[in-house]
>>> print(open('model.tsv').read())   # TSV, C-alpha atoms
chain	number	residue	atom	x	y	z
A	10	MET	CA	19.77	-14.10	11.90
A	11	PHE	CA	19.65	-15.37	8.43
A	12	ARG	CA	20.06	-19.01	9.24
A	13	ARG	CA	17.16	-18.87	11.56
A	14	VAL	CA	14.64	-17.43	9.20
A	15	LEU	CA	15.62	-18.44	5.74
A	16	ALA	CA	13.96	-21.75	5.29
A	17	THR	CA	12.42	-21.83	1.91
A	18	ALA	CA	12.14	-25.56	1.53
A	19	PRO	CA	8.82	-25.73	3.23
A	20	ALA	CA	8.84	-29.37	4.15
A	21	GLN	CA	6.27	-29.10	6.86
A	22	ALA	CA	4.52	-26.18	5.30
A	23	SER	CA	3.86	-27.93	2.04
A	24	ARG	CA	1.42	-30.29	3.60
A	25	ALA	CA	-0.43	-27.44	5.14
A	26	LEU	CA	-0.16	-25.58	1.89
A	27	GLN	CA	-1.85	-28.28	-0.07
A	28	SER	CA	-4.86	-28.18	2.14
A	29	THR	CA	-5.20	-24.44	2.28
A	30	ALA	CA	-4.16	-22.14	-0.43
A	31	ARG	CA	-2.04	-20.03	1.83
A	32	PRO	CA	1.33	-20.62	3.42
A	33	THR	CA	0.82	-20.97	7.09
A	34	THR	CA	4.33	-20.03	8.08
A	35	SER	CA	4.73	-16.83	9.93
A	36	SER	CA	6.37	-15.37	6.90
A	37	PHE	CA	3.03	-14.38	5.43
A	38	ALA	CA	3.64	-10.73	4.95
A	39	ARG	CA	1.81	-7.51	5.72
A	40	THR	CA	-1.24	-6.02	4.11
A	41	ILE	CA	-4.83	-6.70	3.48
A	42	THR	CA	-6.83	-8.29	6.21
A	43	PRO	CA	-8.87	-10.92	4.45
A	44	ALA	CA	-11.66	-10.75	6.97
A	45	ALA	CA	-14.08	-8.68	4.96
A	46	GLN	CA	-13.49	-10.26	1.58
A	47	PRO	CA	-16.22	-12.60	0.46
A	48	ALA	CA	-14.20	-14.73	-1.96
A	49	ARG	CA	-10.93	-16.11	-0.69
A	50	ARG	CA	-8.16	-15.44	-3.13
A	51	SER	CA	-5.69	-18.20	-3.47
A	52	TYR	CA	-2.18	-18.18	-4.78
A	53	HIS	CA	-1.76	-18.86	-8.44
A	54	GLU	CA	-0.65	-22.42	-9.14
A	55	LYS	CA	2.65	-21.17	-10.54
A	56	VAL	CA	3.38	-19.47	-7.26
A	57	LEU	CA	2.42	-22.59	-5.39
A	58	ASP	CA	4.69	-24.62	-7.60
A	59	HIS	CA	7.67	-22.43	-6.78
A	60	TYR	CA	6.73	-22.48	-3.15
A	61	ASN	CA	6.54	-26.26	-2.99
A	62	ASN	CA	9.42	-26.88	-5.34
A	63	PRO	CA	11.68	-23.90	-5.05
A	64	ARG	CA	14.49	-23.92	-7.56
A	65	ASN	CA	18.09	-23.30	-6.59
A	66	VAL	CA	17.71	-22.86	-2.88
A	67	GLY	CA	20.96	-22.54	-1.03
A	68	SER	CA	24.09	-20.59	-0.43
A	69	MET	CA	27.48	-20.03	-1.93
A	70	GLY	CA	30.67	-18.88	-0.39
A	71	LYS	CA	30.22	-15.17	-0.07
A	72	ASN	CA	33.93	-14.55	-0.14
A	73	GLN	CA	34.66	-16.42	-3.33
A	74	GLN	CA	35.96	-14.20	-6.02
A	75	ASP	CA	33.52	-15.36	-8.63
A	76	VAL	CA	30.43	-15.02	-6.47
A	77	GLY	CA	28.20	-11.98	-6.36
A	78	THR	CA	25.81	-11.63	-3.45
A	79	GLY	CA	22.72	-9.48	-3.44
A	80	LEU	CA	20.82	-8.82	-0.24
A	81	VAL	CA	17.63	-6.81	-0.43
A	82	GLY	CA	14.60	-6.09	1.62
A	83	ALA	CA	14.04	-5.55	5.27
A	84	PRO	CA	12.82	-7.95	7.92
A	85	ALA	CA	10.50	-5.32	9.30
A	86	CYS	CA	8.71	-5.22	5.96
A	87	GLY	CA	8.37	-8.92	5.88
A	88	ASP	CA	10.57	-9.64	2.88
A	89	VAL	CA	14.26	-10.35	2.66
A	90	MET	CA	15.93	-11.92	-0.34
A	91	LYS	CA	19.46	-13.12	-0.74
A	92	ILE	CA	20.50	-13.95	-4.28
A	93	GLN	CA	23.93	-15.26	-5.16
A	94	ILE	CA	25.40	-15.77	-8.60
A	95	LYS	CA	28.49	-17.60	-9.67
A	96	VAL	CA	30.04	-16.01	-12.70
A	97	ASP	CA	32.42	-17.45	-15.23
A	98	PRO	CA	34.98	-14.69	-15.63
A	99	LYS	CA	35.87	-15.74	-19.17
A	100	ASP	CA	32.58	-14.65	-20.64
A	101	ASP	CA	30.67	-13.11	-17.75
A	102	THR	CA	27.96	-15.73	-17.78
A	103	ILE	CA	26.11	-16.88	-14.73
A	104	THR	CA	26.95	-20.51	-14.26
A	105	ASP	CA	25.19	-21.08	-10.99
A	106	VAL	CA	22.71	-19.26	-8.83
A	107	LYS	CA	21.31	-19.72	-5.36
A	108	PHE	CA	18.67	-17.92	-3.39
A	109	LYS	CA	17.22	-17.74	0.06
A	110	THR	CA	14.12	-15.75	0.76
A	111	PHE	CA	12.22	-14.88	3.86
A	112	GLY	CA	8.77	-13.68	3.02
A	113	CYS	CA	5.42	-14.45	1.51
A	114	GLY	CA	4.73	-17.06	-1.14
A	115	SER	CA	4.94	-14.49	-3.90
A	116	ALA	CA	8.32	-13.29	-2.73
A	117	ILE	CA	9.64	-16.81	-2.63
A	118	ALA	CA	8.21	-17.58	-6.03
A	119	SER	CA	9.58	-14.38	-7.52
A	120	SER	CA	13.09	-15.09	-6.37
A	121	SER	CA	12.87	-18.77	-7.27
A	122	TYR	CA	11.65	-17.94	-10.76
A	123	LEU	CA	14.35	-15.33	-11.08
A	124	THR	CA	17.04	-17.91	-10.42
A	125	GLU	CA	15.60	-20.05	-13.19
A	126	LEU	CA	15.71	-17.10	-15.54
A	127	VAL	CA	19.24	-15.97	-14.96
A	128	LYS	CA	21.06	-19.26	-15.04
A	129	GLY	CA	23.09	-19.23	-18.21
A	130	MET	CA	22.57	-15.53	-18.90
A	131	THR	CA	25.36	-13.06	-19.20
A	132	LEU	CA	25.56	-10.37	-16.55
A	133	GLU	CA	24.39	-7.90	-19.14
A	134	GLN	CA	21.28	-9.91	-19.92
A	135	ALA	CA	20.53	-10.58	-16.29
A	136	SER	CA	20.74	-6.92	-15.46
A	137	ARG	CA	17.98	-6.27	-17.95
A	138	ILE	CA	15.43	-8.44	-16.24
A	139	ARG	CA	12.41	-6.41	-15.20
A	140	ASN	CA	9.96	-7.02	-12.45
A	141	THR	CA	7.22	-6.99	-15.08
A	142	GLU	CA	8.49	-10.25	-16.56
A	143	ILE	CA	8.42	-11.97	-13.23
A	144	ALA	CA	5.02	-10.58	-12.30
A	145	LYS	CA	3.53	-11.57	-15.61
A	146	GLU	CA	4.89	-15.10	-15.51
A	147	LEU	CA	3.65	-15.73	-12.00
A	148	CYS	CA	0.40	-13.85	-12.54
A	149	LEU	CA	1.02	-11.83	-9.42
A	150	PRO	CA	-1.92	-9.86	-8.11
A	151	PRO	CA	-1.57	-6.06	-7.67
A	152	VAL	CA	-0.65	-6.23	-4.02
A	153	LYS	CA	2.25	-8.59	-4.76
A	154	LEU	CA	3.92	-6.65	-7.53
A	155	HIS	CA	6.32	-5.33	-4.93
A	156	CYS	CA	7.71	-8.83	-4.54
A	157	SER	CA	8.72	-8.99	-8.17
A	158	MET	CA	10.39	-5.61	-7.84
A	159	LEU	CA	12.37	-6.90	-4.92
A	160	ALA	CA	13.57	-9.82	-7.01
A	161	GLU	CA	14.70	-7.42	-9.71
A	162	ASP	CA	16.55	-5.41	-7.07
A	163	GLY	CA	18.09	-8.60	-5.78
A	164	ILE	CA	19.68	-9.69	-9.03
A	165	LYS	CA	20.92	-6.17	-9.70
A	166	SER	CA	22.42	-6.08	-6.27
A	167	ALA	CA	24.16	-9.41	-6.85
A	168	ILE	CA	25.53	-8.25	-10.17
A	169	SER	CA	26.81	-5.03	-8.75
A	170	ASN	CA	28.43	-6.88	-5.89
A	171	TYR	CA	30.20	-9.09	-8.38
A	172	TYR	CA	31.46	-6.06	-10.27
A	173	SER	CA	32.70	-4.43	-7.13
A	174	LYS	CA	34.74	-7.52	-6.44
A	175	ASN	CA	35.89	-7.82	-10.03
A	176	PRO	CA	36.45	-4.32	-11.32
A	177	LYS	CA	38.10	-5.56	-14.45
A	178	ALA	CA	34.94	-7.27	-15.60
A	179	LYS	CA	33.08	-5.64	-18.44
A	180	THR	CA	30.67	-3.27	-16.84
A	181	THR	CA	27.13	-2.37	-17.70
A	182	ASN	CA	25.09	0.50	-16.42
A	183	LEU	CA	22.47	-1.92	-15.28
A	184	GLY	CA	20.88	-2.61	-18.60
A	185	GLY	CA	20.80	0.96	-19.76
A	186	THR	CA	18.25	2.11	-17.28
A	187	GLY	CA	20.82	4.46	-15.89
A	188	SER	CA	19.04	4.25	-12.57
A	189	SER	CA	20.92	4.63	-9.38
A	190	MET	CA	21.74	1.65	-7.27
A	191	PRO	CA	18.72	0.06	-5.73
A	192	LYS	CA	18.36	1.19	-2.21
A	193	ILE	CA	19.51	-1.64	-0.03
A	194	GLU	CA	17.15	-1.39	2.88
A	195	VAL	CA	18.41	-4.16	5.03
A	196	GLU	CA	20.43	-3.23	8.05
A	197	THR	CA	23.92	-4.52	7.67
A	198	LEU	CA	24.38	-6.63	10.71
A	199	ARG	CA	27.86	-7.73	9.81
A	200	SER	CA	30.74	-5.58	8.83
A	201	ASP	CA	31.52	-7.77	5.88
A	202	ALA	CA	28.13	-7.33	4.28
A	203	PRO	CA	28.33	-6.95	0.50
A	204	ALA	CA	28.97	-3.51	-0.87
A	205	ALA	CA	26.36	-2.06	-3.13
A	206	THR	CA	28.43	0.01	-5.50
A	207	ALA	CA	29.82	-0.94	-8.85
A	208	THR	CA	33.20	0.41	-9.77
A	209	ALA	CA	34.41	0.63	-13.31
B	16	MET	CA	-0.34	-5.55	-15.03
B	17	PRO	CA	2.32	-3.13	-16.20
B	18	HIS	CA	2.13	-2.87	-19.91
B	19	THR	CA	5.75	-2.49	-20.86
B	20	ASP	CA	8.54	-4.96	-20.51
B	21	GLU	CA	11.19	-2.48	-21.52
B	22	PRO	CA	10.26	0.81	-19.96
B	23	GLU	CA	12.09	3.75	-21.45
B	24	ALA	CA	14.07	6.01	-19.24
B	25	PRO	CA	11.56	7.64	-16.95
B	26	GLU	CA	10.76	11.26	-17.64
B	27	ILE	CA	11.59	13.31	-14.66
B	28	GLU	CA	8.66	15.62	-14.28
B	29	GLU	CA	8.73	19.11	-12.89
B	30	HIS	CA	11.74	18.62	-10.75
B	31	HIS	CA	11.75	21.57	-8.47
B	32	GLU	CA	15.10	21.93	-6.86
B	33	SER	CA	15.53	18.32	-5.91
B	34	GLY	CA	14.22	17.82	-2.45
B	35	VAL	CA	15.93	16.28	0.46
B	36	HIS	CA	14.87	12.90	1.71
B	37	ALA	CA	13.44	13.87	5.04
B	38	ASP	CA	14.51	12.18	8.20
B	39	LEU	CA	11.14	11.64	9.79
B	40	SER	CA	10.21	10.53	13.21
B	41	ASP	CA	7.59	7.80	13.37
B	42	GLU	CA	5.02	10.34	14.45
B	43	GLU	CA	5.79	12.72	11.62
B	44	TYR	CA	5.72	9.89	9.16
B	45	HIS	CA	2.28	8.79	10.25
B	46	GLN	CA	1.02	12.35	10.19
B	47	HIS	CA	2.15	12.95	6.63
B	48	ALA	CA	1.19	9.54	5.41
B	49	ASP	CA	-2.23	9.53	7.02
B	50	LEU	CA	-3.00	12.94	5.63
B	51	TYR	CA	-2.04	11.85	2.16
B	52	MET	CA	-3.96	8.60	2.36
B	53	GLU	CA	-7.05	10.43	3.54
B	54	ARG	CA	-6.85	12.99	0.78
B	55	MET	CA	-6.42	10.22	-1.73
B	56	HIS	CA	-9.34	8.35	-0.28
B	57	GLU	CA	-11.54	11.41	-0.58
B	58	GLN	CA	-10.53	11.92	-4.16
B	59	VAL	CA	-11.13	8.39	-5.29
B	60	GLU	CA	-14.46	8.31	-3.55
B	61	GLU	CA	-15.44	11.26	-5.64
B	62	LEU	CA	-14.34	9.32	-8.67
B	63	GLN	CA	-16.56	6.52	-7.58
B	64	GLU	CA	-19.54	8.78	-7.41
B	65	GLY	CA	-19.16	9.68	-11.01
B	66	ARG	CA	-18.73	6.14	-12.25
B	67	GLU	CA	-20.45	2.91	-11.47
B	68	ASP	CA	-17.56	0.70	-12.39
B	69	VAL	CA	-15.08	2.20	-9.96
B	70	GLU	CA	-14.69	0.43	-6.63
B	71	VAL	CA	-12.95	1.81	-3.60
B	72	ASP	CA	-12.03	0.04	-0.43
B	73	TYR	CA	-10.03	1.49	2.42
B	74	ALA	CA	-9.40	-0.84	5.31
B	75	ALA	CA	-6.53	-1.56	7.65
B	76	GLY	CA	-4.44	1.14	6.06
B	77	VAL	CA	-4.77	-0.30	2.58
B	78	LEU	CA	-6.52	1.67	-0.12
B	79	SER	CA	-7.65	-0.37	-3.04
B	80	VAL	CA	-9.13	1.19	-6.15
B	81	THR	CA	-10.55	-0.77	-9.02
B	82	PHE	CA	-10.47	1.58	-11.94
B	83	PRO	CA	-11.38	0.19	-15.34
B	84	PRO	CA	-9.90	-0.10	-17.83
B	85	ASN	CA	-6.57	0.27	-16.05
B	86	GLY	CA	-7.10	-2.32	-13.39
B	87	THR	CA	-6.64	-2.34	-9.64
B	88	TYR	CA	-4.48	0.05	-7.68
B	89	ILE	CA	-3.23	-0.75	-4.21
B	90	VAL	CA	-1.80	1.96	-1.98
B	91	ASN	CA	-0.63	1.31	1.53
B	92	LYS	CA	1.56	2.72	4.22
B	93	GLN	CA	4.77	0.91	4.91
B	94	PRO	CA	5.75	2.22	8.34
B	95	ALA	CA	8.86	0.09	8.63
B	96	ASN	CA	10.44	2.05	5.79
B	97	LYS	CA	8.45	5.21	6.41
B	98	GLN	CA	7.17	4.89	2.89
B	99	ILE	CA	3.94	4.73	1.00
B	100	TRP	CA	3.81	1.82	-1.38
B	101	LEU	CA	1.81	1.95	-4.53
B	102	SER	CA	1.03	-0.74	-7.03
B	103	SER	CA	-0.27	0.41	-10.38
B	104	PRO	CA	-1.68	-1.87	-13.02
B	105	LEU	CA	-0.13	0.39	-15.63
B	106	SER	CA	3.23	1.33	-14.25
B	107	GLY	CA	3.92	-1.34	-11.68
B	108	PRO	CA	5.11	-1.08	-8.08
B	109	LYS	CA	6.65	2.05	-6.61
B	110	ARG	CA	7.78	3.03	-3.15
B	111	TYR	CA	7.53	6.65	-2.17
B	112	ASP	CA	9.52	8.52	0.42
B	113	TRP	CA	8.66	11.82	2.01
B	114	VAL	CA	10.88	14.47	0.55
B	115	VAL	CA	10.96	18.07	1.66
B	116	SER	CA	11.74	20.71	-0.89
B	117	GLY	CA	13.44	24.05	-0.61
B	118	GLU	CA	13.50	24.43	3.10
B	119	SER	CA	15.82	27.32	2.82
B	120	MET	CA	13.57	29.26	0.51
B	121	HIS	CA	10.07	30.46	0.97
B	122	GLN	CA	8.83	27.64	3.12
B	123	LYS	CA	8.94	27.37	6.84
B	124	ALA	CA	10.71	24.33	8.09
B	125	GLU	CA	7.56	22.81	9.45
B	126	GLY	CA	5.37	23.94	6.65
B	127	GLY	CA	5.16	20.40	5.43
B	128	SER	CA	6.16	21.52	2.01
B	129	GLY	CA	7.08	18.16	0.76
B	130	ASP	CA	5.78	15.38	-1.33
B	131	TRP	CA	5.95	11.69	-1.74
B	132	VAL	CA	8.71	10.94	-4.20
B	133	TYR	CA	9.97	7.75	-5.80
B	134	MET	CA	13.64	8.19	-5.13
B	135	ARG	CA	14.75	6.06	-8.00
B	136	ASP	CA	13.50	8.41	-10.66
B	137	GLY	CA	12.35	11.48	-8.82
B	138	THR	CA	8.70	11.15	-9.80
B	139	ARG	CA	5.98	12.19	-7.41
B	140	MET	CA	3.05	10.08	-6.37
B	141	SER	CA	0.67	12.95	-7.02
B	142	GLU	CA	1.94	13.08	-10.59
B	143	LEU	CA	1.19	9.41	-11.14
B	144	LEU	CA	-2.24	9.69	-9.58
B	145	ARG	CA	-3.02	12.66	-11.75
B	146	LYS	CA	-1.87	10.94	-14.90
B	147	GLU	CA	-3.41	7.56	-14.33
B	148	LEU	CA	-6.49	8.30	-12.27
B	149	GLY	CA	-7.09	11.94	-13.03
B	150	ILE	CA	-7.19	12.94	-9.39
B	151	SER	CA	-5.21	15.67	-7.76
B	152	ILE	CA	-3.95	15.68	-4.23
B	153	ASP	CA	-3.19	19.04	-2.84
B	154	LEU	CA	-1.55	18.98	0.52
B	155	MET	CA	-1.43	22.69	0.84
B	156	GLU	CA	-5.14	23.28	1.31
B	157	GLU	CA	-7.02	24.39	4.32
B	158	GLY	CA	-5.17	26.95	6.28
B	159	ASP	CA	-1.70	25.70	5.80
B	160	ALA	CA	0.67	28.02	7.55
B	161	THR	CA	2.95	28.47	4.60
B	162	LYS	CA	0.28	29.36	2.14
B	163	LYS	CA	0.57	32.89	0.94
B	164	PRO	CA	-2.39	35.12	1.77
B	165	THR	CA	-5.02	35.30	-0.92
B	166	VAL	CA	-6.20	38.40	-2.65
B	167	ASP	CA	-8.83	39.69	-0.25
B	168	PRO	CA	-7.73	40.45	3.25
B	169	VAL	CA	-10.38	39.30	5.59
B	170	GLU	CA	-11.48	41.88	8.07
>>> encode(input="model.tsv", output="structure tokens")
Amino acid sequence: MFRRVLATAPAQASRALQSTARPTTSSFARTITPAAQPARRSYHEKVLDHYNNPRNVGSMGKNQQDVGTGLVGAPACGDVMKIQIKVDPKDDTITDVKFKTFGCGSAIASSSYLTELVKGMTLEQASRIRNTEIAKELCLPPVKLHCSMLAEDGIKSAISNYYSKNPKAKTTNLGGTGSSMPKIEVETLRSDAPAATATA
Amino acid sequence: MPHTDEPEAPEIEEHHESGVHADLSDEEYHQHADLYMERMHEQVEELQEGREDVEVDYAAGVLSVTFPPNGTYIVNKQPANKQIWLSSPLSGPKRYDWVVSGESMHQKAEGGSGDWVYMRDGTRMSELLRKELGISIDLMEEGDATKKPTVDPVE
């Protein structure tokens, strides 16, 4: 299912995108019908930039020991994000990161920007990223704040997956928020889907 | 936009005995959600009457409230998750689930004694709306079966 829907390099869409301000792929998510609005709101240029030139698109071997995979969202909602991090076990820094997102332009931009942010961070630092940072940087409108939250969930999910595979790694309680694990809403279609719990 | 980058640990407000995340059917979900959205709509329309700078729009299941100086609030149903999603310019995005409280106690099972709760920190949507918009949503009005009888017996 993933392979089919997770094209974020919008080769054919980018041309369409440049002429209209909206992605024309079917991934344009739920919400407000624009019909009644007099002024057409367009995506912020930073969002467009990430949409046209997404950073770090791709996949890593899910079963590699040093890879943490986070999978968040639900197709029925219109947004699914997969974020993978490669961690250097010597110092718990993120040496590489890949993402694939199915969803609206803001969701793609949020996850793309997130991958830019976390590369080079320690797991501890990455776990402290807040959706507010992402939303502020991309100037997300109110209706799209949920996308930035999903990106935050995604990196936390990836980190916790890494910890569950590497229990000896130094643990963090997710940046001191003490919050419970983000609810992973996606249906696990495969039995080897990543676990969501972190073990000490 | 949310105004803090490093939110402190959320205060858990009036946590009655923590409710149980209800397992709703689609129909029940829509009933509860629609009722809540309507009540909210009524309340913010009243707000609008008192102030010229408040704008309210409710279309296609999306309630949008422009409320200076805070900013714009967006509230919408998310049927796929059986949630109500809220986006606040002050506190950011939240997703609320229907939680029923104390079924074993004084409420009937179908009394609808529940609320929309953000499972991550236990806060209620009505609490946020009260704090940030000054409106109160009371689901227990108007002849709710579980409401205790008032002082004067009618006869």
>>> closest_atom_pairs(input="model.tsv", of="chain A", to="chain B", cutoff="6 Å", atoms="only C-alpha atoms", output="JSON lines")
{"residue": "A:Ala85", "atom": "CA", "partner": "B:Ala95", "partner_atom": "CA", "distance": 5.7}
{"residue": "A:Cys86", "atom": "CA", "partner": "B:Ala95", "partner_atom": "CA", "distance": 5.9}
{"residue": "A:Thr141", "atom": "CA", "partner": "B:Asp20", "partner_atom": "CA", "distance": 5.9}
{"residue": "A:Pro151", "atom": "CA", "partner": "B:Ser102", "partner_atom": "CA", "distance": 6.0}
{"residue": "A:Leu154", "atom": "CA", "partner": "B:Pro108", "partner_atom": "CA", "distance": 5.7}
{"residue": "A:His155", "atom": "CA", "partner": "B:Pro108", "partner_atom": "CA", "distance": 5.4}
>>> write_last_selection(input="model.tsv", atoms="C-alpha atoms", output="mmCIF file, keeping the file's coordinate frame")
data_model
loop_
_atom_site.group_PDB
_atom_site.id
_atom_site.type_symbol
_atom_site.label_atom_id
_atom_site.label_comp_id
_atom_site.auth_asym_id
_atom_site.auth_seq_id
_atom_site.Cartn_x
_atom_site.Cartn_y
_atom_site.Cartn_z
ATOM 1 C CA ALA A 85 10.500 -5.320 9.300
ATOM 2 C CA CYS A 86 8.710 -5.220 5.960
ATOM 3 C CA THR A 141 7.220 -6.990 -15.080
ATOM 4 C CA PRO A 151 -1.570 -6.060 -7.670
ATOM 5 C CA LEU A 154 3.920 -6.650 -7.530
ATOM 6 C CA HIS A 155 6.320 -5.330 -4.930
#
>>> atom_distance(input="model.tsv", atom1="atom CA of Lys146 of chain B", atom2="atom CA of Arg139 of chain A")
22.5 Å
>>> residues_around(input="model.tsv", residues="Ser68 of chain A", least_positions_apart="6", cutoff="10 Å", atoms="only C-alpha atoms", output="list in words")
Thr78, Lys91, Ile92, Gln93, Ile94, Val106, Lys107, Phe108 and Lys109 of chain A
>>> residues_around(input="model.tsv", residues="Ile150 of chain B", least_positions_apart="5", cutoff="9 Å", atoms="all atoms listed in the file", output="list in words")
Met55, Gln58, Val59, Leu62, Ser141, Leu144 and Arg145 of chain B
>>> atom_distance(input="model.tsv", atom1="atom CA of Val66 of chain A", atom2="atom CA of Val81 of chain A")
16.2 Å
>>> residues_around(input="model.tsv", residues="Asp41 of chain B", least_positions_apart="3", cutoff="12 Å", atoms="only C-alpha atoms", output="VMD selection string")
chain B and resid 37 to 38 44 to 49 93 to 98
>>> atom_distance(input="model.tsv", atom1="atom CA of Asp100 of chain A", atom2="atom CA of Lys177 of chain A")
12.3 Å
>>> residues_around(input="model.tsv", residues="Asn140 of chain A", least_positions_apart="6", cutoff="7 Å", atoms="all atoms listed in the file", output="PDB file with C-alpha atoms, keeping the file's coordinate frame")
ATOM      1  CA  SER A 157       8.720  -8.990  -8.170  1.00  0.00           C
ATOM      2  CA  MET A 158      10.390  -5.610  -7.840  1.00  0.00           C
ATOM      3  CA  GLU A 161      14.700  -7.420  -9.710  1.00  0.00           C
TER       4      GLU A 161
END
>>> residues_around(input="model.tsv", residues="Glu60 of chain B", least_positions_apart="3", cutoff="10 Å", atoms="all atoms listed in the file", output="PDB file with C-alpha atoms, in the coordinates of the input")
ATOM      1  CA  ARG B  54      -6.850  12.990   0.780  1.00  0.00           C
ATOM      2  CA  MET B  55      -6.420  10.220  -1.730  1.00  0.00           C
ATOM      3  CA  HIS B  56      -9.340   8.350  -0.280  1.00  0.00           C
ATOM      4  CA  GLU B  57     -11.540  11.410  -0.580  1.00  0.00           C
ATOM      5  CA  GLN B  63     -16.560   6.520  -7.580  1.00  0.00           C
ATOM      6  CA  GLU B  64     -19.540   8.780  -7.410  1.00  0.00           C
ATOM      7  CA  GLY B  65     -19.160   9.680 -11.010  1.00  0.00           C
ATOM      8  CA  ARG B  66     -18.730   6.140 -12.250  1.00  0.00           C
ATOM      9  CA  VAL B  69     -15.080   2.200  -9.960  1.00  0.00           C
ATOM     10  CA  GLU B  70     -14.690   0.430  -6.630  1.00  0.00           C
ATOM     11  CA  VAL B  71     -12.950   1.810  -3.600  1.00  0.00           C
ATOM     12  CA  ASP B  72     -12.030   0.040  -0.430  1.00  0.00           C
ATOM     13  CA  VAL B  80      -9.130   1.190  -6.150  1.00  0.00           C
TER      14      VAL B  80
END
>>> closest_residue(input="model.tsv", among="B:Val35, B:Leu154, B:Val114, B:Leu50", to="Val132 of chain B", atoms="all atoms listed in the file")
B:Val114
>>> closest_residue(input="model.tsv", among="B:Pro84, B:Asp153, B:Ser116, B:Glu67", to="Met52 of chain B", atoms="only C-alpha atoms")
B:Asp153
>>> residues_near_point(input="model.tsv", point="(11.5, -16.6, -3.8)", cutoff="8 Å", atoms="all atoms listed in the file", output="list in words")
Thr17, His59, Tyr60, Pro63, Met90, Phe108, Lys109, Thr110, Phe111, Gly112, Gly114, Ser115, Ala116, Ile117, Ala118, Ser119, Ser120, Ser121, Tyr122, Leu123 and Ala160 of chain A
>>> decode(input="model.tsv", residues="segment 75-86 of chain A", atoms="N, CA, C and O atoms", output="PDB file, in the first residue's frame")
ATOM      1  N   ASP A  75      20.404  -0.090  13.292  1.00  0.00           N
ATOM      2  CA  ASP A  75      20.600   1.309  13.648  1.00  0.00           C
ATOM      3  C   ASP A  75      19.541   2.234  13.043  1.00  0.00           C
ATOM      4  O   ASP A  75      19.708   3.447  13.024  1.00  0.00           O
ATOM      5  N   VAL A  76      18.468   1.642  12.560  1.00  0.00           N
ATOM      6  CA  VAL A  76      17.418   2.453  11.939  1.00  0.00           C
ATOM      7  C   VAL A  76      16.165   2.459  12.801  1.00  0.00           C
ATOM      8  O   VAL A  76      15.693   1.408  13.239  1.00  0.00           O
ATOM      9  N   GLY A  77      15.632   3.638  13.028  1.00  0.00           N
ATOM     10  CA  GLY A  77      14.363   3.762  13.737  1.00  0.00           C
ATOM     11  C   GLY A  77      13.303   4.231  12.747  1.00  0.00           C
ATOM     12  O   GLY A  77      13.537   5.160  11.983  1.00  0.00           O
ATOM     13  N   THR A  78      12.170   3.568  12.767  1.00  0.00           N
ATOM     14  CA  THR A  78      11.110   3.906  11.820  1.00  0.00           C
ATOM     15  C   THR A  78       9.875   4.391  12.551  1.00  0.00           C
ATOM     16  O   THR A  78       9.374   3.727  13.456  1.00  0.00           O
ATOM     17  N   GLY A  79       9.381   5.531  12.142  1.00  0.00           N
ATOM     18  CA  GLY A  79       8.158   6.069  12.724  1.00  0.00           C
ATOM     19  C   GLY A  79       7.088   6.137  11.658  1.00  0.00           C
ATOM     20  O   GLY A  79       7.337   6.623  10.556  1.00  0.00           O
ATOM     21  N   LEU A  80       5.926   5.646  11.994  1.00  0.00           N
ATOM     22  CA  LEU A  80       4.820   5.614  11.035  1.00  0.00           C
ATOM     23  C   LEU A  80       3.594   6.200  11.714  1.00  0.00           C
ATOM     24  O   LEU A  80       3.096   5.649  12.688  1.00  0.00           O
ATOM     25  N   VAL A  81       3.136   7.327  11.224  1.00  0.00           N
ATOM     26  CA  VAL A  81       2.021   7.996  11.901  1.00  0.00           C
ATOM     27  C   VAL A  81       0.977   8.445  10.904  1.00  0.00           C
ATOM     28  O   VAL A  81       1.257   8.650   9.736  1.00  0.00           O
ATOM     29  N   GLY A  82      -0.204   8.622  11.427  1.00  0.00           N
ATOM     30  CA  GLY A  82      -1.283   9.111  10.588  1.00  0.00           C
ATOM     31  C   GLY A  82      -2.217   7.996  10.191  1.00  0.00           C
ATOM     32  O   GLY A  82      -2.090   6.863  10.631  1.00  0.00           O
ATOM     33  N   ALA A  83      -3.148   8.325   9.356  1.00  0.00           N
ATOM     34  CA  ALA A  83      -4.101   7.326   8.902  1.00  0.00           C
ATOM     35  C   ALA A  83      -4.561   7.692   7.508  1.00  0.00           C
ATOM     36  O   ALA A  83      -4.906   8.843   7.263  1.00  0.00           O
ATOM     37  N   PRO A  84      -4.572   6.743   6.610  1.00  0.00           N
ATOM     38  CA  PRO A  84      -4.962   7.061   5.237  1.00  0.00           C
ATOM     39  C   PRO A  84      -6.351   7.684   5.167  1.00  0.00           C
ATOM     40  O   PRO A  84      -6.592   8.574   4.368  1.00  0.00           O
ATOM     41  N   ALA A  85      -7.233   7.226   6.035  1.00  0.00           N
ATOM     42  CA  ALA A  85      -8.592   7.749   5.991  1.00  0.00           C
ATOM     43  C   ALA A  85      -8.625   9.234   6.311  1.00  0.00           C
ATOM     44  O   ALA A  85      -9.540   9.949   5.897  1.00  0.00           O
ATOM     45  N   CYS A  86      -7.655   9.698   7.072  1.00  0.00           N
ATOM     46  CA  CYS A  86      -7.610  11.124   7.395  1.00  0.00           C
ATOM     47  C   CYS A  86      -6.957  11.922   6.295  1.00  0.00           C
ATOM     48  O   CYS A  86      -7.029  13.128   6.255  1.00  0.00           O
TER      49      CYS A  86
END
